[in-house]
>>> print(open('structure19.txt').read())   # compact mmCIF, C-alpha atoms and all ligand atoms
# COMPACT_ATOMS: atom_id res chain seq x y z
CA MET N 20 50.77 -21.79 180.13
CA THR N 21 52.29 -24.32 177.77
CA LEU N 22 52.39 -23.34 174.17
CA ALA N 23 50.89 -25.84 171.74
CA HIS N 24 53.67 -25.12 169.33
CA LYS N 25 55.82 -22.09 168.95
CA ILE N 26 55.51 -19.97 165.85
CA GLU N 27 58.75 -20.49 163.97
CA ASP N 28 61.56 -17.99 163.97
CA TYR N 29 61.02 -14.97 161.82
CA LEU N 30 62.82 -15.92 158.66
CA ILE N 31 59.53 -16.22 156.87
CA HIS N 32 58.16 -12.77 157.55
CA ASN N 33 61.28 -11.17 156.12
CA GLN N 34 60.38 -12.61 152.78
CA TYR N 35 56.90 -11.26 152.27
CA PRO N 36 56.67 -8.40 149.77
CA SER N 37 55.78 -5.00 151.09
CA LEU N 38 52.59 -3.74 149.42
CA ILE N 39 51.78 -0.24 150.65
CA LYS N 40 53.18 2.46 152.89
CA TYR N 41 50.90 2.41 155.92
CA MET N 42 50.70 4.59 158.99
CA GLY N 43 51.17 2.42 162.07
CA SER N 44 52.32 -0.62 160.12
CA LYS N 45 54.04 -3.12 162.36
CA SER N 46 56.29 -4.56 159.67
CA LYS N 47 59.39 -2.90 161.17
CA ILE N 48 58.77 -4.33 164.64
CA MET N 49 57.39 -7.68 163.55
CA ASP N 50 59.90 -9.62 165.66
CA PHE N 51 58.59 -7.87 168.75
CA ILE N 52 54.96 -8.57 167.82
CA LEU N 53 55.65 -12.23 167.07
CA ASP N 54 57.53 -12.57 170.37
CA GLY N 55 54.39 -11.37 172.13
CA ILE N 56 52.08 -13.64 170.13
CA ASN N 57 54.31 -16.61 170.87
CA GLN N 58 53.85 -16.06 174.57
CA VAL N 59 50.08 -16.58 174.46
CA TYR N 60 49.66 -18.62 171.28
CA ASP N 61 47.79 -21.89 171.87
CA GLY N 62 47.90 -23.54 168.45
CA ARG N 63 44.50 -22.35 167.26
CA ALA N 64 43.95 -19.62 164.65
CA VAL N 65 45.30 -16.08 164.93
CA CYS N 66 42.89 -13.21 164.32
CA ASP N 67 44.50 -9.98 163.15
CA LEU N 68 41.60 -7.79 164.21
CA PHE N 69 42.84 -4.47 162.75
CA SER N 70 44.93 -5.79 159.91
CA GLY N 71 45.68 -2.54 157.98
CA SER N 72 48.49 -3.28 155.53
CA GLY N 73 48.18 -7.00 156.26
CA SER N 74 51.72 -7.29 157.60
CA LEU N 75 50.81 -10.00 160.10
CA ALA N 76 49.16 -12.06 157.36
CA GLY N 77 52.44 -11.80 155.45
CA ALA N 78 54.49 -12.83 158.46
CA LEU N 79 52.32 -15.69 159.72
CA GLY N 80 50.24 -17.02 156.86
CA GLN N 81 52.55 -19.88 156.01
CA GLN N 82 52.65 -21.10 159.60
CA CYS N 83 49.16 -20.97 161.05
CA VAL N 84 45.58 -20.13 160.13
CA VAL N 85 45.06 -16.36 160.04
CA HIS N 86 41.78 -14.49 160.06
CA SER N 87 42.57 -10.93 158.87
CA ASN N 88 40.01 -8.26 159.55
CA ASP N 89 39.79 -4.50 159.12
CA ILE N 90 36.88 -2.14 158.60
CA GLN N 91 38.52 -0.90 155.39
CA ASN N 92 38.03 -2.98 152.25
CA TYR N 93 41.50 -2.34 150.81
CA SER N 94 42.94 -4.14 153.83
CA ARG N 95 41.06 -7.31 152.89
CA VAL N 96 42.58 -7.15 149.42
CA LEU N 97 46.09 -6.83 150.88
CA ALA N 98 45.55 -9.74 153.27
CA ASP N 99 44.17 -11.84 150.39
CA THR N 100 47.36 -11.20 148.45
CA TYR N 101 49.45 -12.58 151.29
CA ASN N 102 47.27 -15.46 152.30
CA LYS N 103 44.73 -16.45 149.67
CA ALA N 104 46.17 -15.60 146.27
CA TYR N 105 47.78 -18.35 144.22
CA PHE N 106 49.02 -18.85 140.69
CA GLU N 107 46.84 -20.46 138.04
CA ASN N 108 47.92 -21.25 134.49
CA ASP N 109 45.65 -18.59 133.06
CA MET N 110 47.19 -15.85 135.21
CA PRO N 111 48.27 -13.08 132.83
CA ASN N 112 51.84 -11.90 133.05
CA ALA N 113 52.61 -8.22 133.58
CA ASP N 114 53.01 -7.55 129.84
CA GLU N 115 49.59 -9.02 129.09
CA ILE N 116 47.97 -6.78 131.68
CA ILE N 117 49.84 -3.73 130.45
CA ILE N 118 48.86 -4.34 126.81
CA GLN N 119 45.19 -4.42 127.81
CA ALA N 120 45.53 -1.31 129.98
CA GLU N 121 47.49 0.57 127.31
CA GLY N 122 44.68 -0.12 124.83
CA LEU N 123 42.21 1.49 127.23
CA VAL N 124 44.50 4.45 127.90
CA LEU N 125 44.81 5.13 124.16
CA GLN N 126 41.09 4.73 123.65
CA HIS N 127 40.10 7.03 126.53
CA ARG N 128 42.80 9.71 126.62
CA ILE N 129 41.50 13.27 126.23
CA GLU N 130 43.97 15.61 124.52
CA PHE N 131 45.68 17.49 127.31
CA ASN N 132 48.94 19.35 127.14
CA LEU N 133 50.67 17.86 130.20
CA ASN N 134 53.98 19.48 129.67
CA TYR N 135 55.95 18.79 132.84
CA ASP N 136 59.31 20.00 131.56
CA LYS N 137 62.02 20.37 134.17
CA GLY N 138 62.25 24.12 133.55
CA ILE N 139 58.50 24.75 133.90
CA SER N 140 57.59 27.91 135.84
CA LEU N 141 55.50 27.80 138.99
CA LYS N 142 52.75 29.72 137.22
CA SER N 143 52.57 27.37 134.21
CA PHE N 144 52.69 24.34 136.48
CA ASN N 145 49.77 25.54 138.60
CA ARG N 146 47.82 26.42 135.47
CA ILE N 147 48.15 22.80 134.28
CA GLU N 148 47.20 21.49 137.72
CA ASN N 149 44.05 23.63 137.89
CA LYS N 150 43.00 22.57 134.42
CA GLN N 151 43.25 18.95 135.47
CA LYS N 152 41.32 19.52 138.70
CA LYS N 153 38.43 20.87 136.62
CA LEU N 154 37.95 17.43 135.07
CA ILE N 155 35.72 16.82 138.07
CA ASP N 156 33.02 18.67 136.09
CA HIS N 157 33.74 16.89 132.80
CA LYS N 158 31.13 14.48 131.39
CA PHE N 159 33.02 11.29 130.53
CA ASN N 160 31.46 9.05 127.92
CA TYR N 161 32.84 5.75 129.24
CA LYS N 162 32.37 3.95 132.57
CA TRP N 163 35.84 3.47 134.10
CA HIS N 164 36.81 7.12 134.65
CA LEU N 165 36.49 7.58 138.41
CA PHE N 166 40.12 8.57 139.13
CA SER N 167 40.48 10.67 135.96
CA LYS N 168 37.42 12.63 137.03
CA ASN N 169 37.96 12.95 140.78
CA TYR N 170 41.73 12.95 141.27
CA SER N 171 43.42 14.48 138.22
CA GLY N 172 45.75 17.26 139.38
CA THR N 173 45.63 16.16 143.04
CA TRP N 174 47.83 13.28 144.22
CA TRP N 175 48.23 12.20 140.62
CA SER N 176 48.29 13.80 137.18
CA TYR N 177 45.57 13.13 134.64
CA GLU N 178 47.90 10.73 132.81
CA GLN N 179 48.56 8.77 136.01
CA CYS N 180 44.81 8.68 136.79
CA LEU N 181 44.12 7.41 133.30
CA TRP N 182 46.45 4.49 134.02
CA ILE N 183 44.90 3.87 137.45
CA ASP N 184 41.44 3.66 135.86
CA ALA N 185 42.67 1.45 133.03
CA LEU N 186 44.48 -1.01 135.30
CA ARG N 187 41.47 -1.07 137.63
CA GLN N 188 39.22 -1.87 134.66
CA VAL N 189 41.52 -4.70 133.56
CA ALA N 190 41.58 -6.07 137.14
CA GLU N 191 37.80 -6.37 137.09
CA LYS N 192 38.02 -9.00 134.35
CA TYR N 193 39.76 -11.26 136.86
CA LYS N 194 37.40 -10.58 139.74
CA ASN N 195 36.68 -14.24 140.45
CA LYS N 196 40.25 -15.40 140.07
CA PRO N 197 42.59 -16.26 142.96
CA TYR N 198 45.04 -13.60 141.72
CA TYR N 199 42.58 -10.69 141.52
CA SER N 200 44.00 -9.22 144.73
CA VAL N 201 47.51 -9.38 143.25
CA ILE N 202 46.50 -7.01 140.46
CA LEU N 203 44.82 -4.59 142.85
CA SER N 204 47.69 -4.68 145.38
CA SER N 205 50.24 -3.99 142.64
CA LEU N 206 48.14 -1.05 141.55
CA MET N 207 47.96 0.28 145.14
CA PHE N 208 51.76 0.05 145.22
CA GLY N 209 52.02 2.00 141.96
CA MET N 210 49.60 4.63 143.27
CA ALA N 211 51.66 5.09 146.43
CA TYR N 212 54.97 5.55 144.65
CA ALA N 213 53.61 7.90 142.01
CA SER N 214 51.63 10.02 144.47
CA GLN N 215 52.95 13.51 145.18
CA GLY N 216 51.49 13.35 148.72
CA THR N 217 53.35 12.46 151.88
CA GLY N 218 52.70 8.73 152.01
CA HIS N 219 48.94 8.87 152.53
CA TYR N 220 45.93 10.54 150.95
CA ALA N 221 44.83 12.99 153.63
CA GLN N 222 46.20 16.03 151.76
CA TYR N 223 48.09 16.52 148.54
CA ARG N 224 50.75 19.20 148.37
CA ASP N 225 50.41 22.55 146.62
CA ALA N 226 53.33 23.88 144.60
CA LYS N 227 53.95 27.19 146.36
CA THR N 228 57.70 27.56 145.94
CA GLN N 229 60.31 26.49 143.41
CA SER N 230 61.57 23.85 145.80
CA SER N 231 58.12 22.29 146.37
CA LEU N 232 57.54 22.43 142.61
CA LYS N 233 60.79 20.58 142.02
CA ASP N 234 59.83 17.86 144.46
CA ILE N 235 56.26 17.49 143.17
CA LEU N 236 57.57 17.24 139.60
CA LEU N 237 59.54 14.15 140.57
CA TYR N 238 56.28 12.38 141.33
CA ARG N 239 54.24 13.84 138.48
CA THR N 240 56.59 12.23 135.98
CA ARG N 241 56.64 8.79 137.60
CA SER N 242 55.04 5.94 135.74
CA ILE N 243 52.22 4.00 137.39
CA LYS N 244 52.85 1.34 134.77
CA GLY N 245 56.52 0.90 135.78
CA TYR N 246 55.75 0.53 139.49
CA PHE N 247 52.85 -1.77 138.73
CA ILE N 248 55.00 -4.12 136.66
CA ARG N 249 57.74 -4.24 139.29
CA LYS N 250 55.37 -5.20 142.12
CA TYR N 251 53.21 -7.53 140.03
CA GLU N 252 56.24 -9.56 139.00
CA GLU N 253 57.51 -9.68 142.58
CA ILE N 254 54.15 -10.89 143.95
CA THR N 255 53.68 -13.38 141.12
CA ASN N 256 56.96 -15.00 142.16
CA TYR N 257 55.91 -14.95 145.81
CA ILE N 258 52.44 -16.53 145.67
CA PRO N 259 52.09 -20.32 145.77
CA LYS N 260 51.71 -22.28 142.55
CA SER N 261 48.75 -24.26 143.85
CA PRO N 262 45.64 -23.54 145.97
CA ILE N 263 46.21 -22.64 149.61
CA LEU N 264 45.25 -25.48 151.92
CA MET N 265 45.02 -23.49 155.14
CA PRO N 266 41.54 -22.02 155.72
CA HIS N 267 42.65 -18.38 156.00
CA ARG N 268 39.91 -15.76 156.10
CA SER N 269 39.76 -12.05 155.32
CA THR N 270 36.83 -9.87 156.38
CA SER N 271 35.91 -6.18 156.40
CA LEU N 272 33.93 -6.07 159.61
CA ASP N 273 33.78 -3.77 162.58
CA TYR N 274 36.03 -5.37 165.23
CA ARG N 275 33.03 -6.16 167.48
CA GLU N 276 31.31 -8.11 164.72
CA CYS N 277 34.54 -9.88 163.87
CA LEU N 278 34.97 -11.08 167.44
CA GLU N 279 31.47 -12.53 167.23
CA VAL N 280 32.40 -14.70 164.25
CA PHE N 281 36.00 -15.56 165.16
CA GLU N 282 36.05 -19.17 166.30
CA GLY N 283 38.62 -18.53 169.05
CA GLY N 284 42.40 -18.62 169.35
CA THR N 285 44.79 -15.69 169.61
CA VAL N 286 43.56 -12.21 168.81
CA TYR N 287 46.20 -9.69 167.79
CA ALA N 288 44.64 -6.25 168.26
CA ASP N 289 46.37 -3.20 166.82
CA PRO N 290 43.73 -0.46 166.97
CA PRO N 291 44.41 3.16 165.93
CA TYR N 292 46.45 5.03 168.57
CA CYS N 293 45.50 8.61 167.82
CA PHE N 294 42.73 10.93 166.70
CA VAL N 295 43.27 10.69 162.92
CA HIS N 296 40.90 8.42 161.06
CA TYR N 297 42.39 5.87 158.66
CA SER N 298 39.34 6.32 156.44
CA ARG N 299 40.56 9.87 155.72
CA PHE N 300 44.19 8.95 155.19
CA TYR N 301 43.48 6.07 152.83
CA HIS N 302 40.13 7.01 151.24
CA ALA N 303 41.64 6.77 147.75
CA LEU N 304 42.51 3.09 148.31
CA GLU N 305 39.01 2.38 149.55
CA THR N 306 37.60 4.06 146.45
CA LEU N 307 39.96 2.10 144.21
CA VAL N 308 38.75 -1.20 145.64
CA LEU N 309 35.04 -0.33 145.79
CA TYR N 310 35.06 1.78 142.60
CA ASP N 311 31.64 2.98 143.64
CA PHE N 312 31.64 6.64 142.52
CA PRO N 313 31.14 7.90 146.08
CA THR N 314 29.52 11.21 146.90
CA LEU N 315 32.35 13.54 147.91
CA GLN N 316 32.41 15.47 151.16
CA ILE N 317 31.18 19.07 150.87
CA GLN N 318 32.07 21.96 153.16
CA ARG N 319 30.50 25.41 152.83
CA GLY N 320 29.12 24.51 149.43
CA ASN N 321 32.44 23.28 148.00
CA ILE N 322 33.98 19.86 147.56
CA VAL N 323 36.62 19.47 150.28
CA LYS N 324 40.20 19.80 148.98
CA GLY N 325 41.08 16.17 149.83
CA ARG N 326 38.05 14.92 147.86
CA TYR N 327 37.13 12.46 150.60
CA ARG N 328 34.28 10.02 150.51
CA GLU N 329 31.27 11.54 152.25
CA SER N 330 30.49 8.49 154.34
CA ARG N 331 33.75 7.42 155.90
CA HIS N 332 34.18 5.23 158.94
CA GLN N 333 34.76 7.16 162.16
CA SER N 334 36.63 4.87 164.51
CA PRO N 335 35.73 4.99 168.22
CA PHE N 336 39.44 4.44 168.98
CA CYS N 337 40.14 7.88 167.48
CA ILE N 338 37.48 9.76 169.48
CA LYS N 339 38.35 10.82 173.01
CA SER N 340 34.80 10.42 174.35
CA GLN N 341 34.43 6.92 172.85
CA VAL N 342 37.82 5.31 173.30
CA GLN N 343 37.20 3.82 176.76
CA ARG N 344 33.98 2.18 175.64
CA ALA N 345 35.79 0.91 172.53
CA PHE N 346 38.31 -0.93 174.70
CA ILE N 347 35.60 -2.31 177.01
CA ASP N 348 33.89 -3.73 173.92
CA LEU N 349 37.21 -5.16 172.72
CA PHE N 350 37.80 -7.04 175.98
CA GLU N 351 34.15 -8.16 176.19
CA GLY N 352 34.42 -9.51 172.65
CA MET N 353 37.55 -11.39 173.55
CA LYS N 354 35.69 -13.06 176.40
CA THR N 355 32.87 -14.11 174.05
CA SER N 356 35.27 -15.54 171.49
CA ASN N 357 37.20 -17.51 174.12
CA SER N 358 40.55 -16.16 173.00
CA ASN N 359 43.87 -14.93 174.30
CA MET N 360 44.95 -11.50 173.19
CA VAL N 361 48.02 -9.51 172.31
CA LEU N 362 47.18 -5.81 172.23
CA SER N 363 49.49 -3.23 170.65
CA TYR N 364 49.39 0.29 171.99
CA CYS N 365 51.83 3.09 172.71
CA ASN N 366 52.72 5.49 175.52
CA THR N 367 51.36 8.51 173.60
CA GLY N 368 47.96 7.09 172.60
CA MET N 369 44.38 8.29 173.19
CA ILE N 370 44.36 6.59 176.58
CA THR N 371 47.24 5.78 178.95
CA ILE N 372 48.64 2.29 179.36
CA ASP N 373 47.58 2.45 183.03
CA GLU N 374 43.97 3.16 182.08
CA LEU N 375 44.08 0.38 179.55
CA TYR N 376 45.37 -2.02 182.15
CA LYS N 377 42.57 -1.03 184.57
CA ILE N 378 39.83 -1.48 181.96
CA CYS N 379 41.23 -4.87 181.02
CA LYS N 380 41.42 -6.00 184.65
CA ALA N 381 37.83 -4.86 185.28
CA VAL N 382 36.39 -6.72 182.26
CA LEU N 383 38.63 -9.79 182.53
CA PRO N 384 39.42 -10.22 186.25
CA ASN N 385 40.54 -13.84 185.86
CA LYS N 386 43.04 -13.27 183.10
CA THR N 387 46.76 -12.77 183.49
CA ILE N 388 47.96 -9.48 182.02
CA GLU N 389 51.60 -8.80 181.19
CA LEU N 390 53.25 -5.83 179.56
CA LEU N 391 56.08 -5.88 177.02
CA THR N 392 57.64 -2.66 175.75
CA THR N 393 60.18 -1.58 173.22
CA ASP N 394 61.50 1.78 172.14
CA HIS N 395 60.36 2.16 168.60
CA GLN N 396 60.84 5.10 166.27
CA HIS N 397 57.34 5.93 165.12
CA MET N 398 56.75 7.09 161.54
CA THR N 399 54.66 10.24 161.29
CA LEU N 400 54.66 9.91 157.50
CA GLY N 401 55.21 13.64 156.91
CA ARG N 402 58.17 14.98 154.99
CA ARG N 403 59.13 17.09 157.97
CA GLU N 404 62.18 17.30 160.17
CA ASP N 405 60.37 15.49 162.99
CA ARG N 406 59.53 12.58 160.73
CA GLN N 407 60.26 10.21 163.54
CA ARG N 408 59.51 10.69 167.19
CA ASP N 409 60.28 8.50 170.14
CA VAL N 410 57.39 6.32 171.02
CA LYS N 411 57.41 3.37 173.28
CA GLU N 412 55.50 0.53 171.68
CA CYS N 413 53.74 -1.69 174.21
CA LEU N 414 52.19 -5.10 174.06
CA LEU N 415 49.61 -6.19 176.60
CA LEU N 416 49.59 -9.96 176.78
CA ILE N 417 46.24 -11.16 178.06
CA PHE N 418 45.83 -14.90 178.64
C1 LIG Z 501 47.30 0.77 163.59
S1 LIG Z 501 46.38 0.34 162.16
C2 LIG Z 501 46.77 -1.37 161.98
C3 LIG Z 501 48.10 -1.57 161.33
C4 LIG Z 501 48.43 -3.02 161.03
N1 LIG Z 501 48.67 -3.79 162.21
C5 LIG Z 501 49.63 -3.09 160.10
O1 LIG Z 501 50.70 -3.62 160.49
O2 LIG Z 501 49.52 -2.60 158.98
C6 LIG Z 501 44.73 0.35 162.76
C7 LIG Z 501 43.67 -0.19 161.79
O3 LIG Z 501 42.42 -0.24 162.49
C8 LIG Z 501 41.39 -0.14 161.52
N2 LIG Z 501 40.12 0.19 162.25
C9 LIG Z 501 39.77 1.35 162.83
N3 LIG Z 501 38.57 1.22 163.43
C10 LIG Z 501 38.14 -0.04 163.22
C11 LIG Z 501 36.98 -0.77 163.60
N4 LIG Z 501 35.97 -0.20 164.27
N5 LIG Z 501 36.88 -2.08 163.25
C12 LIG Z 501 37.87 -2.66 162.51
N6 LIG Z 501 38.98 -2.01 162.11
C13 LIG Z 501 39.14 -0.71 162.46
C14 LIG Z 501 41.91 0.94 160.59
O4 LIG Z 501 41.27 0.88 159.34
C15 LIG Z 501 43.41 0.64 160.54
O5 LIG Z 501 43.75 -0.10 159.40
>>> encode(input="structure19.txt", output="C-alpha cells", more="lines below")
Ligand SMILES: C[S@@+](CC[C@H](N)C(=O)[O-])C[C@H]1O[C@@H](n2cnc3c(N)ncnc32)[C@H](O)[C@@H]1O
Amino acid sequence: MTLAHKIEDYLIHNQYPSLIKYMGSKSKIMDFILDGINQVYDGRAVCDLFSGSGSLAGALGQQCVVHSNDIQNYSRVLADTYNKAYFENDMPNADEIIIQAEGLVLQHRIEFNLNYDKGISLKSFNRIENKQKKLIDHKFNYKWHLFSKNYSGTWWSYEQCLWIDALRQVAEKYKNKPYYSVILSSLMFGMAYASQGTGHYAQYRDAKTQSSLKDILLYRTRSIKGYFIRKYEEITNYIPKSPILMPHRSTSLDYRECLEVFEGGTVYADPPYCFVHYSRFYHALETLVLYDFPTLQIQRGNIVKGRYRESRHQSPFCIKSQVQRAFIDLFEGMKTSNSNMVLSYCNTGMITIDELYKICKAVLPNKTIELLTTDHQHMTLGRREDRQRDVKECLLLIF
C-alpha cells in the first residue's frame, strides 16, 4: 500500500506538554506507535478511539486531523487542550485566575486546625485526617463545595480541596471559551501532583507507620495553586495564538458509537489491557469535569473508602466473559467505518495475541494483518518494588 503522505518525524510530539499521569499512557513509546500508524496511514483523519490522556492528540494534532474519543469525559478535556484550545486576548493569565480563586478560598474556608508540622505524631495526624473525612456530613452553604465535602482527608487535605473547588468554580466562568480546557487540564495536573495516592484515584494511602506518615506529609503540604500556575503557564505558551484551522474532534462516546460516526481513515485503538476499570482509577477526574455531585458507591451500608461514583462505566475489555465480543465489535466497527487500524495490545492482556489475531482474521478475512512488537517496561503505577514489569507491547496493523 502506498502511503498518501508520511506523518513527519517525531520532533513535534516531544514538544507537547504532559498533562496527567495515566495508566497505560503511550507517551513513552510514541515513536513505536507512530511507526505503526505510518505503515497504514492513508492521508485521511486519524481516530484515537480510546484516547485516555490524549497523548496521540498531542503528538499528531499539528500534522493531521485527529478525532479523539474516550468514554471518560476528562479525556475529552485533555484532547481539547492539545488540539482545540487557542489563545484569545481575553484569556486570563495565571495570576488573574489565582486572584479570583484566592477570593473564593478566603470566602469559603471553614476554620480548621490543619497543623501538618513535620514532627506531628501518627495519632495527631490521623485525628486531623478523620476530622476532615467527616466533612462529608457537613452542610455547606455555598454551591461549589463538592471536593471539600467528598474528598477532604482522602487524596487531598481540606485546604487542597478548597483550592480544587475554587479553581473549578473560576474555570466555569470560561466555559464557552477556547481555553476552558486549559484551565481544567492545569487543575488536573495540580490534583495529580498534590495527591497522596499512588498516581491514580483507586485508593488513597493510610498513615499506618512513621515512614508512610512522612511520605504522605510531603503531599499534604503541596500547593495545588503552585502546580496549577506552573502547568497553566506552560500550556498557555504551547497553544496557538489563533483559531485552529484543522477540524479536530473530541467525543466521549462508547467506542462502538464512535466508529459509527467516524468518517473513515486510520483508527488507533488502545483499549484497556487488564481487568481494572479506568472509571475507578480516575473517578475523581470525571467528577471534576462533570461536577455533578454524584451518588457515591455504598457497600454494606457504608460509603466505599475510595468514594467512587455509583454509576461508573464498566468496560467490556476489562471483563473476561465480554472481552472477545468487545474485539469482534471493534473489528466490525472498523469495517463499517471503512478504515485501517493500528491496535495496541500486550502479551499479558485479557486475551492472547493469538486469539486476537484469529478474531480479527474471522471478522476481516480480506485484510492484511501484521504484528509489530517492542519490549516496553510497563508502569504499574504503584510505589512498590515491582513498579515496572516486562511487558511486550504489540501493534496489530490491519489494512
Ligand atoms: C489504555 S487506555 C488508553 C491510553 C491512551 N492511549 C494514552 O496514551 O493515554 C484505555 C482507555 O480506554 C477507555 N475505555 C474503556 N472502555 C471504553 C469504551 N467502551 N469506549 C471508549 N473508551 C473506553 C478508558 O477510559 C481508557 O482511557
>>> closest_residue(input="structure19.txt", among="N:Thr367, N:Asn357, N:Ser231, N:Asn92", to="Leu203 (chain N)", atoms="only C-alpha atoms")
N:Asn92
>>> closest_residue(input="structure19.txt", among="N:Met42, N:Cys83, N:Met110, N:Cys413", to="ligand LIG 501 (chain Z)", atoms="all atoms listed in the file")
N:Met42
>>> residues_near_ligand(input="structure19.txt", ligand="ligand LIG 501 (chain Z)", cutoff="7 Å", atoms="all atoms listed in the file", output="JSON, numbers by chain")
{"N": [41, 42, 43, 44, 45, 46, 68, 69, 70, 71, 72, 73, 74, 75, 88, 89, 90, 91, 94, 272, 273, 274, 289, 290, 291, 292, 297, 298, 334, 335, 336]}
>>> atom_distance(input="structure19.txt", atom1="CA of Leu391 (chain N)", atom2="CA of Cys365 (chain N)")
10.8 Å
>>> closest_residue(input="structure19.txt", among="N:Lys260, N:Arg326, N:Arg299, N:Arg239", to="Ile147 (chain N)", atoms="only C-alpha atoms")
N:Arg239
>>> closest_residue(input="structure19.txt", among="N:Glu389, N:Glu148, N:Glu329, N:Glu121", to="Asp184 (chain N)", atoms="only C-alpha atoms")
N:Glu121
>>> closest_residue(input="structure19.txt", among="N:Met207, N:Ile258, N:Val201, N:Ile317", to="Tyr220 (chain N)", atoms="all atoms listed in the file")
N:Met207
>>> residues_around(input="structure19.txt", residues="Tyr376 (chain N)", least_positions_apart="2", cutoff="12 Å", atoms="only C-alpha atoms", output="number ranges by chain")
N: 343, 346-347, 350, 362, 364, 370-374, 378-384, 386-390, 413-417
